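This is query28.txt. It holds compact mmCIF, C-alpha atoms.
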# COMPACT_ATOMS: atom_id res chain seq x y z
CA MET Y 2 -69.68 -105.74 -26.49
CA LYS Y 3 -69.95 -108.28 -23.69
CA THR Y 4 -68.65 -108.17 -20.13
CA VAL Y 5 -66.02 -110.57 -18.82
CA THR Y 6 -65.14 -110.50 -15.12
CA VAL Y 7 -62.06 -111.62 -13.22
CA LEU Y 8 -62.72 -112.05 -9.50
CA LEU Y 9 -59.82 -111.76 -7.08
CA THR Y 10 -60.32 -112.98 -3.52
CA ARG Y 11 -58.16 -113.82 -0.54
CA TYR Y 12 -58.20 -116.83 1.74
CA SER Y 13 -57.11 -117.02 5.36
CA ASP Y 14 -55.52 -120.48 5.12
CA LEU Y 15 -51.75 -120.90 5.25
CA PHE Y 16 -51.40 -121.22 1.47
CA GLY Y 17 -53.40 -118.04 0.87
CA LYS Y 18 -51.38 -116.11 3.43
CA ILE Y 19 -48.11 -117.26 1.82
CA ILE Y 20 -49.28 -116.21 -1.66
CA CYS Y 21 -50.33 -112.77 -0.38
CA ALA Y 22 -47.11 -112.26 1.57
CA ILE Y 23 -44.78 -113.29 -1.24
CA SER Y 24 -46.64 -111.48 -4.01
CA LYS Y 25 -47.20 -108.37 -1.87
CA HIS Y 26 -50.74 -108.24 -3.24
CA GLY Y 27 -53.86 -108.78 -1.15
CA TYR Y 28 -55.34 -111.59 -3.22
CA SER Y 29 -54.67 -115.32 -3.29
CA HIS Y 30 -57.30 -116.64 -5.72
CA ALA Y 31 -58.50 -115.70 -9.22
CA SER Y 32 -61.57 -116.87 -11.12
CA LEU Y 33 -63.30 -115.95 -14.38
CA SER Y 34 -66.94 -115.24 -15.24
CA ILE Y 35 -68.59 -114.63 -18.57
CA ASP Y 36 -72.13 -114.45 -17.28
CA GLY Y 37 -73.20 -110.83 -16.94
CA GLU Y 38 -74.75 -111.47 -13.53
CA GLU Y 39 -71.44 -112.74 -12.09
CA GLU Y 40 -73.17 -115.76 -10.61
CA ILE Y 41 -70.89 -118.46 -12.08
CA PHE Y 42 -67.09 -118.34 -12.07
CA TYR Y 43 -64.54 -120.84 -13.36
CA SER Y 44 -61.20 -121.52 -11.77
CA PHE Y 45 -58.73 -124.05 -10.39
CA ASN Y 46 -58.20 -125.05 -6.79
CA VAL Y 47 -56.86 -128.15 -5.03
CA LYS Y 48 -59.86 -130.08 -6.41
CA GLY Y 49 -58.86 -129.27 -10.00
CA PHE Y 50 -61.08 -127.35 -12.44
CA VAL Y 51 -64.03 -125.95 -10.50
CA ILE Y 52 -67.23 -124.00 -11.02
CA GLU Y 53 -67.71 -121.46 -8.25
CA LYS Y 54 -70.82 -119.56 -7.18
CA PRO Y 55 -69.35 -116.99 -4.80
CA LYS Y 56 -72.59 -115.07 -4.28
CA LYS Y 57 -74.40 -118.21 -3.12
CA CYS Y 58 -71.66 -120.06 -1.27
CA ARG Y 59 -68.93 -118.36 0.75
CA PRO Y 60 -66.18 -120.79 1.81
CA LYS Y 61 -65.28 -120.49 5.51
CA LYS Y 62 -61.69 -119.49 4.76
CA ARG Y 63 -62.53 -116.80 2.20
CA GLU Y 64 -61.95 -113.41 3.72
CA TYR Y 65 -64.00 -110.33 3.01
CA GLY Y 66 -62.46 -107.93 0.56
CA SER Y 67 -62.57 -108.90 -3.09
CA VAL Y 68 -62.20 -107.08 -6.37
CA CYS Y 69 -63.96 -107.67 -9.67
CA ILE Y 70 -62.03 -106.63 -12.75
CA ARG Y 71 -64.60 -106.07 -15.47
CA MET Y 72 -63.70 -105.64 -19.11
CA GLN Y 73 -65.68 -105.29 -22.29
CA VAL Y 74 -64.87 -107.56 -25.23
CA PRO Y 75 -66.38 -107.89 -28.73
CA GLU Y 76 -68.74 -110.78 -29.52
CA VAL Y 77 -66.04 -112.72 -31.41
CA THR Y 78 -63.65 -112.55 -28.43
CA TYR Y 79 -66.45 -113.48 -26.05
CA ALA Y 80 -67.22 -116.51 -28.23
CA ALA Y 81 -63.54 -117.52 -28.11
CA ILE Y 82 -63.60 -117.32 -24.30
CA GLU Y 83 -66.79 -119.42 -24.25
CA GLU Y 84 -65.08 -121.98 -26.48
CA GLU Y 85 -62.04 -122.14 -24.17
CA LEU Y 86 -64.27 -122.63 -21.13
CA SER Y 87 -66.26 -125.30 -22.96
CA ARG Y 88 -63.03 -127.18 -23.65
CA PHE Y 89 -62.20 -127.12 -19.94
CA LEU Y 90 -65.72 -128.21 -18.99
CA LYS Y 91 -65.63 -131.19 -21.36
CA LYS Y 92 -62.37 -132.46 -19.85
CA ARG Y 93 -62.93 -131.21 -16.31
CA LYS Y 94 -62.23 -134.58 -14.67
CA VAL Y 95 -58.82 -134.74 -16.40
CA TYR Y 96 -57.53 -131.40 -15.13
CA LYS Y 97 -55.49 -131.16 -11.94
CA TYR Y 98 -54.30 -128.34 -9.73
CA SER Y 99 -50.63 -127.51 -10.24
CA CYS Y 100 -48.93 -127.09 -6.85
CA LEU Y 101 -45.57 -127.35 -8.61
CA GLY Y 102 -46.69 -124.64 -11.04
CA VAL Y 103 -47.38 -122.28 -8.12
CA ALA Y 104 -43.97 -123.04 -6.60
CA LEU Y 105 -42.23 -122.37 -9.91
CA CYS Y 106 -44.26 -119.18 -10.36
CA LEU Y 107 -43.04 -117.98 -6.98
CA LEU Y 108 -39.49 -118.64 -8.18
CA HIS Y 109 -40.20 -116.78 -11.47
CA ILE Y 110 -39.64 -119.94 -13.53
CA PRO Y 111 -42.16 -120.30 -16.39
CA CYS Y 112 -43.64 -123.77 -16.81
CA LYS Y 113 -46.49 -125.50 -18.59
CA PHE Y 114 -47.69 -128.91 -17.48
CA LYS Y 115 -50.19 -130.97 -19.46
CA ASP Y 116 -53.70 -130.74 -18.01
CA SER Y 117 -52.46 -128.99 -14.86
CA TYR Y 118 -53.13 -125.36 -13.88
CA PHE Y 119 -53.33 -123.01 -10.95
CA CYS Y 120 -56.04 -120.33 -10.73
CA SER Y 121 -54.31 -117.22 -12.08
CA GLN Y 122 -52.49 -119.21 -14.77
CA PHE Y 123 -55.86 -120.52 -15.95
CA VAL Y 124 -57.49 -117.07 -16.00
CA SER Y 125 -54.61 -115.40 -17.81
CA GLU Y 126 -54.30 -118.23 -20.35
CA VAL Y 127 -58.00 -118.29 -21.24
CA LEU Y 128 -58.12 -114.51 -21.70
CA SER Y 129 -54.85 -114.41 -23.62
CA ARG Y 130 -55.75 -117.30 -25.97
CA ALA Y 131 -59.08 -115.66 -26.75
CA GLY Y 132 -57.38 -112.38 -27.58
CA ALA Y 133 -59.05 -110.39 -24.79
CA VAL Y 134 -55.85 -109.31 -23.04
CA GLU Y 135 -52.20 -108.74 -23.68
CA LEU Y 136 -49.85 -110.18 -21.08
CA LYS Y 137 -46.46 -108.82 -20.12
CA LYS Y 138 -45.09 -112.28 -19.27
CA LYS Y 139 -45.94 -115.99 -19.59
CA GLU Y 140 -49.29 -117.11 -18.19
CA SER Y 141 -47.59 -119.38 -15.66
CA LEU Y 142 -45.84 -116.39 -14.03
CA TYR Y 143 -48.97 -114.61 -12.78
CA LEU Y 144 -50.14 -114.67 -9.20
CA PRO Y 145 -53.72 -113.48 -8.63
CA GLY Y 146 -52.99 -109.92 -7.49
CA GLN Y 147 -50.67 -109.31 -10.42
CA LEU Y 148 -53.60 -109.56 -12.82
CA MET Y 149 -54.74 -106.12 -11.66
CA ASP Y 150 -51.64 -104.32 -12.93
CA GLU Y 151 -49.98 -106.55 -15.50
CA MET Y 152 -52.90 -107.60 -17.70
CA GLU Y 153 -53.74 -105.14 -20.48
CA CYS Y 154 -57.30 -105.30 -21.78
CA LEU Y 155 -57.34 -104.88 -25.55
CA PHE Y 156 -60.86 -103.55 -26.04
CA SER Y 157 -61.72 -101.45 -23.00
CA ASP Y 158 -60.33 -100.02 -19.81
CA LYS Y 159 -60.46 -102.29 -16.80
CA GLN Y 160 -63.21 -101.38 -14.38
CA PHE Y 161 -62.42 -102.23 -10.76
CA VAL Y 162 -65.28 -102.92 -8.36
CA TYR Y 163 -64.17 -103.55 -4.79
CA ASN Y 164 -66.08 -105.81 -2.40
CA ALA Y 165 -68.61 -106.69 -5.10
CA ILE Y 166 -68.88 -110.29 -3.88
Transcribe the structure of this file into structure tokens.
Amino acid sequence: MKTVTVLLTRYSDLFGKIICAISKHGYSHASLSIDGEEEIFYSFNVKGFVIEKPKKCRPKKREYGSVCIRMQVPEVTYAAIEEELSRFLKKRKVYKYSCLGVALCLLHIPCKFKDSYFCSQFVSEVLSRAGAVELKKKESLYLPGQLMDEMECLFSDKQFVYNAI
């Protein structure tokens, strides 16, 4: 079994505050790591598909108080997640951030735009496609904080580690 980690963080900018207020969860950003050291995370932000190193670089607007959701997956599922991430890496310049997707998510309207994602949609889609989790609704309807409660890990219990990063 291998460890996969979803990192939930919150940002103090206006957009982050709106997401937290509307979702009634304390997190406004989600990212995904498959490296056991949790050094490299993958996500989407206004720059598009991004590689984040939260232990090395803390953005000014990122607030303290994060949660890592760790789950164990079999080798074959881990390989499928790696393959999904590789696909995103190969086309990383093509992908865009989906502001409209976030707005529609807030209105509970599922949507899927070509080559356009927001952070929690990306995380939930990669994990769902790989068969690591079972989702209760469409990937495009998840805000970051909702991943804590509404994402069912298929191979292990979720382990929550607060303020890990």
Query raised in the report: Which residue out of Y:Gln73, Y:Ser99, Y:Asn164, Y:Thr78 has the minimum interatomic distance to Leu128 in chain Y when all atoms listed in the file are used?
Result: Y:Thr78
Query raised in the report: Separation of CA of Phe119 in chain Y and CA of Glu38 in chain Y, in Å?
Result: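 Atom-to-atom, CA of Phe119 in chain Y to CA of Glu38 in chain Y, that is 24.5 Å.
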Query raised in the report: Using all atoms listed in the file, which of the listed residues (Y:Tyr43, Y:Cys112, Y:Lys48, Y:Val124) sits closest to Ser87 in chain Y?
Result: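 For Ser87 in chain Y, the nearest of the candidates is Y:Tyr43.
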Report task. Could you jot down the CA of Phe16 in chain Y to CA of Leu86 in chain Y separation for me, Å, one decimal place? Result -> 26.0 Å
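Shortest atom-to-atom contact with Lys56 in chain Y among Y:Leu8, Y:Leu148, Y:Met72, Y:Ile23: Y:Leu8, counting all atoms listed in the file.
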Query raised in the report: Can you tell me, as a ChimeraX atom specification, what residues are no more than 12 Å from Lys97 in chain Y when counting all atoms listed in the file, ignoring any on the same chain fewer than 2 positions away?
Result: /Y:44-51,89,92-95,99-102,114-120,123
Requested in this report: Between CA of Tyr12 in chain Y and CA of Glu85 in chain Y, measure the distance and give it in Å to one decimal.
Outcome: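 Spanning CA of Tyr12 in chain Y to CA of Glu85 in chain Y is a straight-line distance of 26.7 Å.
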Query raised in the report: Within 7 Å of (-65.1, -110.0, -25.3), in the coordinates the file gives, what residues turn up when you count only C-alpha atoms, written out as an MDAnalysis selection string?
Result: chainID Y and resid 2:5 73:79 133
Query raised in the report: Out of Y:Met149, Y:Ile70, Y:Phe156, Y:Leu90, which residue has the shortest atom-to-atom distance to Gly132 in chain Y when counting only C-alpha atoms?
Result: Y:Phe156
**Report entry** Using all atoms listed in the file: which of Y:Val103, Y:Val68, Y:Leu9, Y:Ile82 has the shortest distance to Val127 in chain Y
**Finding:**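 Residue with the minimum atom-to-atom distance to Val127 in chain Y: Y:Ile82.
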Query - Option closest in space to Phe42 in chain Y, from Y:Glu140, Y:His30, Y:Val7, Y:Asp14 [counting all atoms listed in the file] - result: Y:Val7
Report task. Compute the distance from (-48.2, -107.8, -23.2) to each atom, counting only C-alpha atoms, keep the residues with any atom at most 12 Å away, and return them as a PyMOL selection string; use the coordinates of the file. Result -> chain Y and resi 125+129+132-140+148+150-155
Using only C-alpha atoms, please write the residues we just selected to a file, as an mmCIF file, keeping the file's coordinate frame.
data_model
loop_
_atom_site.group_PDB
_atom_site.id
_atom_site.type_symbol
_atom_site.label_atom_id
_atom_site.label_comp_id
_atom_site.auth_asym_id
_atom_site.auth_seq_id
_atom_site.Cartn_x
_atom_site.Cartn_y
_atom_site.Cartn_z
ATOM 1 C CA SER Y 125 -54.610 -115.400 -17.810
ATOM 2 C CA SER Y 129 -54.850 -114.410 -23.620
ATOM 3 C CA GLY Y 132 -57.380 -112.380 -27.580
ATOM 4 C CA ALA Y 133 -59.050 -110.390 -24.790
ATOM 5 C CA VAL Y 134 -55.850 -109.310 -23.040
ATOM 6 C CA GLU Y 135 -52.200 -108.740 -23.680
ATOM 7 C CA LEU Y 136 -49.850 -110.180 -21.080
ATOM 8 C CA LYS Y 137 -46.460 -108.820 -20.120
ATOM 9 C CA LYS Y 138 -45.090 -112.280 -19.270
ATOM 10 C CA LYS Y 139 -45.940 -115.990 -19.590
ATOM 11 C CA GLU Y 140 -49.290 -117.110 -18.190
ATOM 12 C CA LEU Y 148 -53.600 -109.560 -12.820
ATOM 13 C CA ASP Y 150 -51.640 -104.320 -12.930
ATOM 14 C CA GLU Y 151 -49.980 -106.550 -15.500
ATOM 15 C CA MET Y 152 -52.900 -107.600 -17.700
ATOM 16 C CA GLU Y 153 -53.740 -105.140 -20.480
ATOM 17 C CA CYS Y 154 -57.300 -105.300 -21.780
ATOM 18 C CA LEU Y 155 -57.340 -104.880 -25.550
#
Report task. Can you pull out every residue within 7 Å of Ser67 in chain Y, counting all atoms listed in the file, but drop anything in the same chain fewer than 2 positions away, and send it as a VMD selection string? Result -> chain Y and resid 9 to 10 65 69 163 to 166
